[in-house]
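What follows is the content of target.txt (compact mmCIF, C-alpha atoms and all ligand atoms).
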```
# COMPACT_ATOMS: atom_id res chain seq x y z
CA VAL A 7 -15.48 83.36 71.05
CA LYS A 8 -14.46 86.39 69.05
CA VAL A 9 -16.51 89.40 67.92
CA LEU A 10 -15.82 92.30 65.55
CA LEU A 11 -17.74 95.46 66.54
CA THR A 12 -17.83 98.34 64.04
CA GLY A 13 -18.08 102.01 65.05
CA GLY A 14 -16.37 101.36 68.39
CA SER A 15 -16.19 105.09 69.16
CA GLY A 16 -19.99 105.44 69.15
CA PHE A 17 -22.30 105.95 72.11
CA ILE A 18 -24.19 102.67 71.72
CA ALA A 19 -21.04 100.74 70.73
CA ALA A 20 -19.22 101.83 73.88
CA HIS A 21 -21.95 100.21 75.96
CA ILE A 22 -21.86 97.12 73.73
CA VAL A 23 -18.10 96.79 74.44
CA ASP A 24 -18.87 96.60 78.15
CA VAL A 25 -21.52 93.90 77.70
CA LEU A 26 -19.30 91.87 75.34
CA LEU A 27 -16.44 91.92 77.84
CA GLN A 28 -18.74 91.05 80.77
CA HIS A 29 -20.07 88.09 78.77
CA GLY A 30 -16.55 86.87 78.05
CA PHE A 31 -16.22 87.66 74.33
CA GLU A 32 -12.90 88.59 72.77
CA THR A 33 -13.68 91.95 71.25
CA VAL A 34 -12.10 93.81 68.35
CA VAL A 35 -13.57 97.24 67.56
CA THR A 36 -13.21 99.24 64.37
CA VAL A 37 -12.47 102.95 64.78
CA ARG A 38 -11.53 105.71 62.37
CA SER A 39 -8.25 106.75 64.01
CA GLU A 40 -5.47 105.50 66.28
CA GLU A 41 -6.41 108.17 68.77
CA LYS A 42 -9.97 106.86 69.15
CA GLY A 43 -8.72 103.29 69.40
CA LYS A 44 -6.22 104.19 72.12
CA ARG A 45 -8.88 106.00 74.11
CA ILE A 46 -10.98 102.84 74.20
CA ILE A 47 -8.04 100.66 75.25
CA ASP A 48 -6.91 103.17 77.91
CA ALA A 49 -10.40 103.23 79.39
CA HIS A 50 -10.14 99.47 80.06
CA PRO A 51 -6.80 99.14 81.86
CA ASP A 52 -7.68 95.81 83.48
CA ILE A 53 -8.62 94.06 80.26
CA PRO A 54 -5.77 92.05 78.65
CA LYS A 55 -4.95 92.98 75.05
CA GLU A 56 -6.04 89.65 73.60
CA LYS A 57 -9.51 90.43 75.01
CA LEU A 58 -9.86 93.97 73.63
CA SER A 59 -8.17 95.55 70.62
CA TYR A 60 -8.93 97.79 67.68
CA VAL A 61 -8.43 98.01 63.94
CA ILE A 62 -8.73 101.11 61.80
CA VAL A 63 -11.51 101.46 59.22
CA LYS A 64 -11.47 105.09 58.14
CA ASP A 65 -14.62 105.28 56.08
CA VAL A 66 -17.17 102.50 55.88
CA ALA A 67 -18.48 103.86 52.56
CA GLN A 68 -15.25 102.98 50.67
CA ASP A 69 -15.28 99.85 48.50
CA GLY A 70 -13.68 96.99 50.36
CA ALA A 71 -13.39 99.10 53.56
CA PHE A 72 -13.73 96.00 55.75
CA ASN A 73 -11.71 93.52 53.65
CA GLU A 74 -8.77 93.56 56.07
CA ALA A 75 -10.68 94.20 59.30
CA VAL A 76 -12.75 91.00 59.01
CA LYS A 77 -9.59 88.84 58.75
CA SER A 78 -8.26 87.79 62.14
CA THR A 79 -6.38 85.03 63.96
CA PRO A 80 -8.14 83.29 65.59
CA PRO A 81 -11.00 84.11 63.21
CA PHE A 82 -14.20 85.98 64.11
CA ASP A 83 -17.36 84.12 65.11
CA TYR A 84 -19.70 87.12 65.08
CA VAL A 85 -19.87 90.68 63.76
CA LEU A 86 -21.88 93.57 65.21
CA HIS A 87 -22.26 96.46 62.77
CA THR A 88 -23.20 99.75 64.47
CA ALA A 89 -21.19 102.30 62.44
CA SER A 90 -23.49 104.69 60.60
CA PRO A 91 -23.78 108.48 60.61
CA PHE A 92 -26.16 110.02 63.16
CA HIS A 93 -25.74 113.81 63.36
CA TYR A 94 -27.14 117.00 61.87
CA ASN A 95 -24.13 118.21 59.81
CA ILE A 96 -25.57 117.49 56.41
CA ASN A 97 -24.06 118.92 53.26
CA ASP A 98 -24.66 116.18 50.76
CA PRO A 99 -27.40 113.68 51.71
CA VAL A 100 -25.96 110.92 49.55
CA LYS A 101 -22.29 111.33 50.50
CA ASP A 102 -22.85 112.18 54.16
CA PHE A 103 -25.64 109.72 55.02
CA LEU A 104 -26.99 107.36 52.39
CA ASP A 105 -23.63 106.06 51.15
CA PRO A 106 -22.03 105.31 54.52
CA ALA A 107 -25.24 103.72 55.84
CA ILE A 108 -26.04 101.58 52.81
CA LYS A 109 -22.57 100.85 51.38
CA GLY A 110 -21.23 100.40 54.90
CA THR A 111 -23.80 97.69 55.52
CA THR A 112 -23.57 95.87 52.19
CA GLY A 113 -19.79 96.37 52.24
CA ILE A 114 -19.26 94.59 55.52
CA LEU A 115 -21.55 91.73 54.47
CA LYS A 116 -19.56 91.33 51.21
CA SER A 117 -16.23 91.38 53.05
CA ILE A 118 -17.43 88.75 55.53
CA LYS A 119 -18.73 86.53 52.75
CA ALA A 120 -15.43 86.79 50.86
CA TYR A 121 -12.87 86.75 53.69
CA ALA A 122 -14.40 85.55 56.96
CA PRO A 123 -16.12 82.19 56.43
CA SER A 124 -16.07 81.49 60.18
CA VAL A 125 -18.64 84.22 60.94
CA LYS A 126 -21.97 82.67 61.91
CA ARG A 127 -24.10 85.75 62.48
CA VAL A 128 -24.03 89.49 61.82
CA VAL A 129 -26.10 91.79 64.03
CA ILE A 130 -26.88 95.14 62.43
CA THR A 131 -27.97 98.27 64.31
CA SER A 132 -30.96 99.49 62.38
CA SER A 133 -33.51 101.86 63.92
CA PHE A 134 -37.15 102.61 64.57
CA ALA A 135 -36.48 105.04 61.69
CA ALA A 136 -36.71 101.97 59.42
CA ILE A 137 -40.10 101.01 60.93
CA LEU A 138 -41.81 104.37 61.35
CA ASN A 139 -44.26 105.87 58.89
CA GLY A 140 -43.80 109.61 59.42
CA ASP A 141 -46.85 110.57 57.34
CA LYS A 142 -49.40 108.21 58.80
CA HIS A 143 -48.80 106.14 61.91
CA PRO A 144 -50.42 102.70 61.92
CA LYS A 145 -52.47 101.75 64.98
CA LEU A 146 -49.66 99.47 66.17
CA TYR A 147 -45.91 99.40 65.50
CA SER A 148 -44.01 96.10 65.50
CA GLU A 149 -41.26 94.40 63.48
CA GLN A 150 -43.81 93.97 60.66
CA ASN A 151 -43.79 97.66 59.75
CA TRP A 152 -41.41 99.29 57.27
CA ASN A 153 -40.84 102.97 56.65
CA PRO A 154 -42.30 103.64 53.15
CA ILE A 155 -39.83 106.49 52.44
CA THR A 156 -38.60 106.80 48.82
CA TRP A 157 -35.09 107.67 47.61
CA GLU A 158 -36.36 111.09 46.43
CA GLU A 159 -37.96 111.85 49.80
CA ALA A 160 -34.72 110.87 51.51
CA GLN A 161 -32.87 113.75 49.80
CA ASP A 162 -34.68 116.08 52.22
CA HIS A 163 -32.22 116.92 55.02
CA ALA A 164 -34.90 116.40 57.65
CA LYS A 165 -35.61 112.88 56.37
CA VAL A 166 -32.24 111.62 55.17
CA TYR A 167 -31.28 109.91 58.44
CA ARG A 168 -34.50 107.90 58.42
CA GLY A 169 -33.97 107.06 54.76
CA SER A 170 -30.40 105.98 55.43
CA LYS A 171 -31.48 103.52 58.10
CA THR A 172 -34.40 102.18 56.07
CA PHE A 173 -32.39 101.56 52.88
CA ALA A 174 -29.44 100.12 54.80
CA GLU A 175 -31.58 97.57 56.62
CA LYS A 176 -33.46 96.63 53.44
CA ALA A 177 -30.15 96.18 51.63
CA ALA A 178 -28.97 93.81 54.37
CA TRP A 179 -32.03 91.56 54.13
CA GLU A 180 -31.76 91.58 50.31
CA PHE A 181 -28.09 90.65 50.50
CA VAL A 182 -28.83 87.59 52.62
CA GLU A 183 -31.70 86.53 50.39
CA LYS A 184 -29.74 86.87 47.14
CA GLU A 185 -26.26 85.86 48.22
CA ARG A 186 -27.15 83.04 50.63
CA PRO A 187 -23.98 83.54 52.72
CA ASN A 188 -22.80 81.16 55.47
CA PHE A 189 -24.02 83.57 58.14
CA ASP A 190 -27.47 84.79 59.09
CA ILE A 191 -28.36 88.30 60.26
CA SER A 192 -30.41 89.93 63.03
CA THR A 193 -31.34 93.59 63.08
CA ILE A 194 -31.91 95.75 66.16
CA CYS A 195 -34.37 98.64 65.77
CA PRO A 196 -34.33 101.09 68.70
CA PRO A 197 -36.18 104.43 68.86
CA LEU A 198 -34.58 107.37 70.75
CA VAL A 199 -31.73 105.94 72.84
CA LEU A 200 -31.04 107.64 76.17
CA GLY A 201 -28.55 106.68 78.85
CA PRO A 202 -25.24 107.39 80.54
CA ILE A 203 -22.70 109.17 78.36
CA VAL A 204 -19.36 107.49 78.01
CA HIS A 205 -16.78 109.75 79.54
CA TYR A 206 -13.78 108.57 77.56
CA LEU A 207 -15.58 109.43 74.30
CA ASN A 208 -17.71 112.46 74.92
CA SER A 209 -17.29 115.98 76.03
CA LEU A 210 -20.56 117.76 76.69
CA ASP A 211 -20.07 119.82 73.53
CA ALA A 212 -19.64 116.77 71.38
CA ILE A 213 -22.31 114.63 72.95
CA ASN A 214 -24.02 111.94 70.88
CA THR A 215 -27.18 113.09 69.10
CA SER A 216 -29.87 111.22 71.06
CA ASN A 217 -28.73 112.49 74.49
CA GLN A 218 -28.58 116.14 73.43
CA ARG A 219 -32.05 117.00 74.72
CA VAL A 220 -31.14 115.88 78.24
CA ARG A 221 -27.94 117.94 78.18
CA ASP A 222 -29.85 120.95 76.85
CA MET A 223 -32.45 120.59 79.60
CA ILE A 224 -29.96 120.52 82.46
CA GLN A 225 -28.08 123.44 80.93
CA GLY A 226 -31.26 125.55 81.06
CA LYS A 227 -31.79 125.73 77.28
CA PHE A 228 -35.48 124.76 77.57
CA LYS A 229 -36.23 127.05 80.50
CA ASP A 230 -38.63 129.14 78.47
CA GLY A 231 -40.36 126.27 76.75
CA LEU A 232 -39.70 122.79 75.46
CA SER A 233 -38.96 121.90 71.86
CA PRO A 234 -41.32 119.34 70.25
CA THR A 235 -40.64 115.77 71.40
CA GLY A 236 -40.66 114.26 67.90
CA VAL A 237 -40.95 110.51 68.24
CA PHE A 238 -42.65 109.56 71.52
CA ILE A 239 -40.83 106.29 72.24
CA TRP A 240 -37.43 105.59 73.78
CA VAL A 241 -35.12 102.91 75.16
CA ASP A 242 -32.10 102.78 77.52
CA VAL A 243 -28.68 102.39 75.87
CA ARG A 244 -27.74 99.56 78.25
CA ASP A 245 -30.79 97.58 77.14
CA VAL A 246 -29.92 98.25 73.49
CA ALA A 247 -26.36 97.04 74.14
CA LEU A 248 -27.62 93.87 75.80
CA ALA A 249 -30.01 93.29 72.86
CA HIS A 250 -27.03 93.23 70.45
CA VAL A 251 -25.14 90.70 72.54
CA ARG A 252 -28.19 88.51 73.19
CA ALA A 253 -28.79 88.50 69.45
CA ILE A 254 -25.52 86.58 69.01
CA GLU A 255 -26.04 84.38 72.07
CA VAL A 256 -29.59 83.22 71.33
CA ALA A 257 -29.84 80.82 68.37
CA GLU A 258 -33.48 81.74 67.50
CA ALA A 259 -32.53 85.39 67.08
CA GLY A 260 -31.09 84.58 63.64
CA GLY A 261 -33.03 85.86 60.64
CA LYS A 262 -35.10 88.21 62.81
CA ARG A 263 -35.68 91.89 63.24
CA PHE A 264 -36.11 93.23 66.80
CA PHE A 265 -38.07 96.34 67.77
CA VAL A 266 -36.22 97.23 70.97
CA VAL A 267 -38.38 99.79 72.77
CA ALA A 268 -38.95 100.50 76.47
CA GLY A 269 -42.04 102.70 76.27
CA TYR A 270 -43.39 106.20 75.80
CA TYR A 271 -41.96 109.53 76.81
CA SER A 272 -42.20 113.23 76.04
CA ASN A 273 -39.73 116.04 76.66
CA LYS A 274 -42.04 117.24 79.44
CA GLN A 275 -41.88 113.84 81.13
CA VAL A 276 -38.07 113.92 80.91
CA ALA A 277 -38.05 117.37 82.54
CA ASP A 278 -40.36 116.12 85.30
CA ALA A 279 -38.16 113.06 85.88
CA ILE A 280 -35.09 115.31 86.26
CA ARG A 281 -37.01 117.53 88.70
CA GLU A 282 -37.79 114.48 90.79
CA THR A 283 -34.37 112.81 90.79
CA HIS A 284 -32.22 115.97 90.78
CA PRO A 285 -34.19 118.70 92.58
CA GLN A 286 -31.04 120.86 92.71
CA LEU A 287 -31.46 121.38 88.94
CA GLU A 288 -34.98 122.87 89.28
CA SER A 289 -33.83 126.38 88.33
CA LYS A 290 -32.56 125.10 84.96
CA LEU A 291 -35.77 123.28 84.02
CA PRO A 292 -38.92 124.53 82.29
CA SER A 293 -41.73 125.25 84.77
CA THR A 294 -44.21 122.55 85.74
CA GLU A 295 -46.86 124.57 83.84
CA VAL A 296 -45.23 123.99 80.45
CA PRO A 297 -47.64 121.91 78.32
CA ASP A 298 -46.92 118.26 77.56
CA ASP A 299 -47.05 117.54 73.80
CA PHE A 300 -47.72 113.82 74.37
CA PRO A 301 -50.60 112.94 71.98
CA SER A 302 -53.89 111.54 73.31
CA ASP A 303 -54.16 109.15 70.36
CA VAL A 304 -50.61 107.77 70.40
CA TYR A 305 -49.82 104.60 68.40
CA GLU A 306 -49.43 101.29 70.21
CA ILE A 307 -46.06 99.51 70.37
CA ASP A 308 -45.27 95.81 70.58
CA ASN A 309 -41.89 94.80 72.06
CA SER A 310 -42.90 91.21 72.85
CA ARG A 311 -40.45 89.60 70.42
CA SER A 312 -37.48 91.29 72.10
CA ARG A 313 -38.71 90.25 75.54
CA GLU A 314 -39.49 86.68 74.56
CA ILE A 315 -36.52 85.84 72.33
CA LEU A 316 -33.79 88.15 73.64
CA GLY A 317 -35.07 88.04 77.23
CA LEU A 318 -34.92 91.81 77.58
CA LYS A 319 -36.38 93.56 80.62
CA TYR A 320 -36.60 97.25 79.95
CA ARG A 321 -35.46 99.99 82.31
CA ALA A 322 -37.97 102.67 83.29
CA LEU A 323 -37.69 106.28 82.13
CA LYS A 324 -36.98 107.74 85.57
CA GLU A 325 -34.03 105.42 86.18
CA THR A 326 -32.54 106.14 82.77
CA VAL A 327 -32.99 109.89 82.96
CA SER A 328 -31.46 109.88 86.42
CA SER A 329 -28.33 107.99 85.37
CA THR A 330 -28.00 110.05 82.19
CA VAL A 331 -28.09 113.28 84.19
CA GLU A 332 -25.67 111.82 86.74
CA SER A 333 -23.17 110.94 83.98
CA MET A 334 -23.40 114.51 82.64
CA LEU A 335 -22.96 116.13 86.05
CA GLU A 336 -19.78 114.09 86.50
CA VAL A 337 -18.24 115.93 83.55
CA GLY A 338 -19.46 119.28 84.80
CA ALA A 339 -22.72 119.98 82.95
P1 LIG B 401 -22.72 107.82 67.45
O1 LIG B 401 -22.69 109.02 66.55
O2 LIG B 401 -22.22 107.95 68.82
O3 LIG B 401 -21.98 106.62 66.73
C1 LIG B 401 -21.88 106.49 65.34
C2 LIG B 401 -20.64 105.67 65.03
O4 LIG B 401 -20.54 105.44 63.62
C3 LIG B 401 -19.34 106.37 65.44
O5 LIG B 401 -18.45 105.42 65.94
C4 LIG B 401 -18.84 106.95 64.12
O6 LIG B 401 -17.45 107.14 64.10
C5 LIG B 401 -19.25 105.83 63.17
N1 LIG B 401 -19.33 106.29 61.79
C6 LIG B 401 -20.22 107.17 61.26
N2 LIG B 401 -19.97 107.36 59.96
C7 LIG B 401 -18.88 106.59 59.66
C8 LIG B 401 -18.12 106.37 58.47
N3 LIG B 401 -18.43 106.96 57.31
N4 LIG B 401 -17.05 105.52 58.54
C9 LIG B 401 -16.72 104.94 59.71
N5 LIG B 401 -17.42 105.10 60.85
C10 LIG B 401 -18.47 105.92 60.82
O7 LIG B 401 -24.24 107.36 67.44
P2 LIG B 401 -24.99 106.15 68.16
O8 LIG B 401 -24.09 105.36 69.01
O9 LIG B 401 -26.22 106.72 68.70
O10 LIG B 401 -25.39 105.28 66.87
C11 LIG B 401 -24.90 103.98 66.63
C12 LIG B 401 -25.86 103.26 65.71
O11 LIG B 401 -27.14 103.20 66.35
C13 LIG B 401 -26.09 103.93 64.37
O12 LIG B 401 -26.22 102.92 63.40
C14 LIG B 401 -27.42 104.65 64.57
O13 LIG B 401 -28.11 104.85 63.36
C15 LIG B 401 -28.14 103.64 65.45
N6 LIG B 401 -29.26 104.18 66.22
C16 LIG B 401 -29.08 105.15 67.19
C17 LIG B 401 -30.17 105.62 67.91
C18 LIG B 401 -30.02 106.66 68.98
O14 LIG B 401 -31.03 107.22 69.41
N7 LIG B 401 -28.81 106.91 69.46
C19 LIG B 401 -31.53 105.13 67.63
C20 LIG B 401 -31.60 104.11 66.62
C21 LIG B 401 -30.50 103.65 65.96
P3 LIG B 401 -16.81 108.56 64.56
O15 LIG B 401 -17.11 108.69 66.03
O16 LIG B 401 -15.37 108.40 64.29
O17 LIG B 401 -17.48 109.60 63.74
```

Could you take the file, read its structure, and then write that structure out as structure tokens?
Ligand code: NDP
Amino acid sequence: VKVLLTGGSGFIAAHIVDVLLQHGFETVVTVRSEEKGKRIIDAHPDIPKEKLSYVIVKDVAQDGAFNEAVKSTPPFDYVLHTASPFHYNINDPVKDFLDPAIKGTTGILKSIKAYAPSVKRVVITSSFAAILNGDKHPKLYSEQNWNPITWEEAQDHAKVYRGSKTFAEKAAWEFVEKERPNFDISTICPPLVLGPIVHYLNSLDAINTSNQRVRDMIQGKFKDGLSPTGVFIWVDVRDVALAHVRAIEVAEAGGKRFFVVAGYYSNKQVADAIRETHPQLESKLPSTEVPDDFPSDVYEIDNSRSREILGLKYRALKETVSSTVESMLEVGA
């Protein structure tokens, strides 16, 4: 059974590669350069080349970007689409974020419909950003909620990432409804993703966005006070990776959105977890007296669909923080 995984050089995608290979899938990743593709292959020396390979897709926002990548012999059974910008280098909100997120998503669905009739399901990495209402939290968050952000609001640099994820996921559901392709889709909506960094991809300077706060903490950058937590929910990258693979393995996952969330956290709780699992880092961490910004009236979260249909069991914060820190110490944080 053969899978195309987009954005193979990403943090979450690297963990998805591992789960796909463990579960026996033939895996082809898309990357933007030969160099990134080679790094992935070199990191898996024991995997035969018919089990793991790469194709180049330079920019997902280009028309027809995936027309060639979706063609394969033997043909693909499933596609996992993770590629989408997640960083803070914004010059032009439309060109840098909205186009690659939205056109990347509709583009791959169009290419599959036109050139890959064997594909049965496409799993798309969306986000809690597409669920969240930043202005007014509901009492409970589940797959039923949609971010009400408008196109105009999404031009704001602080909101464009959330807009990009919201419009991209909406566009995917609209595509399936209007075009009635041969495949169905599932979407995976994680909040802040923490977990071990992938050494063959990341240096500590170029670490993926969601792990940056952990790196900053163990490098002493929050010694004099923590920055605001932001969104108070999180999930482990290995659980997110498994969710993507289960979404192709479990028939009932088709046509569904999954809110993949482990639980609550705050930056203070992350610091305390590091103190407990890595006491040698105490001198880098903010003092135990630093206030916790975790709100007393926090929203509720419902992850029952992901547990019941995908069979997920979520890792606890302490375990995740510990292995994230460990992975960073290995590269000399
Ligand atoms: P990374 O930045 O590590 O991965 C993003 C991937 O997308 C990279 O492979 C990147 O390629 C690729 N990409 C970005 N823009 C383009 C483009 N224009 N053309 C081709 N490829 C592109 O982030 P994550 O692994 O964290 O994110 C993966 C997915 O998960 C994204 O869809 C993100 O929105 C989603 N997500 C992440 C969360 C988190 O907390 N980490 C939370 C919720 C959702 P390159 O490396 O070459 O730039």

Counting all atoms listed in the file, the residue of A:Asp48, A:Asp299, A:Asp65, A:Glu32 that sits nearest ligand LIG 401 (chain B): A:Asp65

Out of A:Leu115, A:Ala89, A:Val243, A:Leu207, which residue has the shortest atom-to-atom distance to ligand LIG 401 (chain B) when counting only C-alpha atoms and all ligand atoms? A:Ala89

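Between A:Thr172 and the candidates A:Ala107, A:Leu287, A:Val220, A:Val61, the tightest atom-to-atom separation, counting all atoms listed in the file, involves A:Ala107.
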
Leaving out stretch 175-188 of chain A and any residue of its chain fewer than 4 positions from it, which residues lie within 8 Å of it when counting only C-alpha atoms, given as a VMD selection string? chain A and resid 108 111 to 112 115 119 123 125 to 126 130 132 136 171 193

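Around ligand LIG 401 (chain B), using only C-alpha atoms and all ligand atoms and a cut-off of 6 Å, the residues in contact are Gly13, Gly14, Ser15, Gly16, Phe17, Ile18, Ala19, Arg38, Lys64, Asp65, Val66, Ala67, Thr88, Ala89, Ser90, Pro91, Phe92, Pro106, Thr131, Ser132, Ser133, Pro196, Pro197, Leu198, Val199, Asn214 and Ser216 of chain A.
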
Considering all atoms listed in the file, state which residue in the set A:Ala339, A:Val296, A:Ala279, A:Ala247 is at the smallest distance from A:Lys324. A:Ala279

Smallest atom-to-atom distance to A:Glu336: which of A:Gly110, A:Gly43, A:Pro202, A:Pro54, using all atoms listed in the file? A:Pro202

Work out how far atom CA of A:Lys165 is from atom CA of A:Asp230, in Å to one decimal. 27.6 Å

Polymer residues at most 8 Å from stretch 262-272 of chain A, only C-alpha atoms, same-chain spacing of 2 or more positions, as JSON, numbers by chain: {"A": [134, 148, 149, 191, 192, 193, 194, 195, 196, 197, 235, 238, 239, 240, 241, 242, 246, 249, 259, 260, 274, 275, 276, 298, 299, 300, 307, 308, 309, 311, 312, 320, 321, 322, 323]}

Tell me which protein, DNA and RNA residues are within 12 Å of A:Val7, counting all atoms listed in the file, leaving out same-chain ones fewer than 6 positions away, and put them as a PyMOL selection string. chain A and resi 26-27+29-34+56-57+79-85+124-126+254-255

Just the residues within 9 Å of A:Asn151, please, counting all atoms listed in the file, with nothing from its chain fewer than 3 positions along; format it as a ChimeraX atom specification. /A:136-139,144,146-148
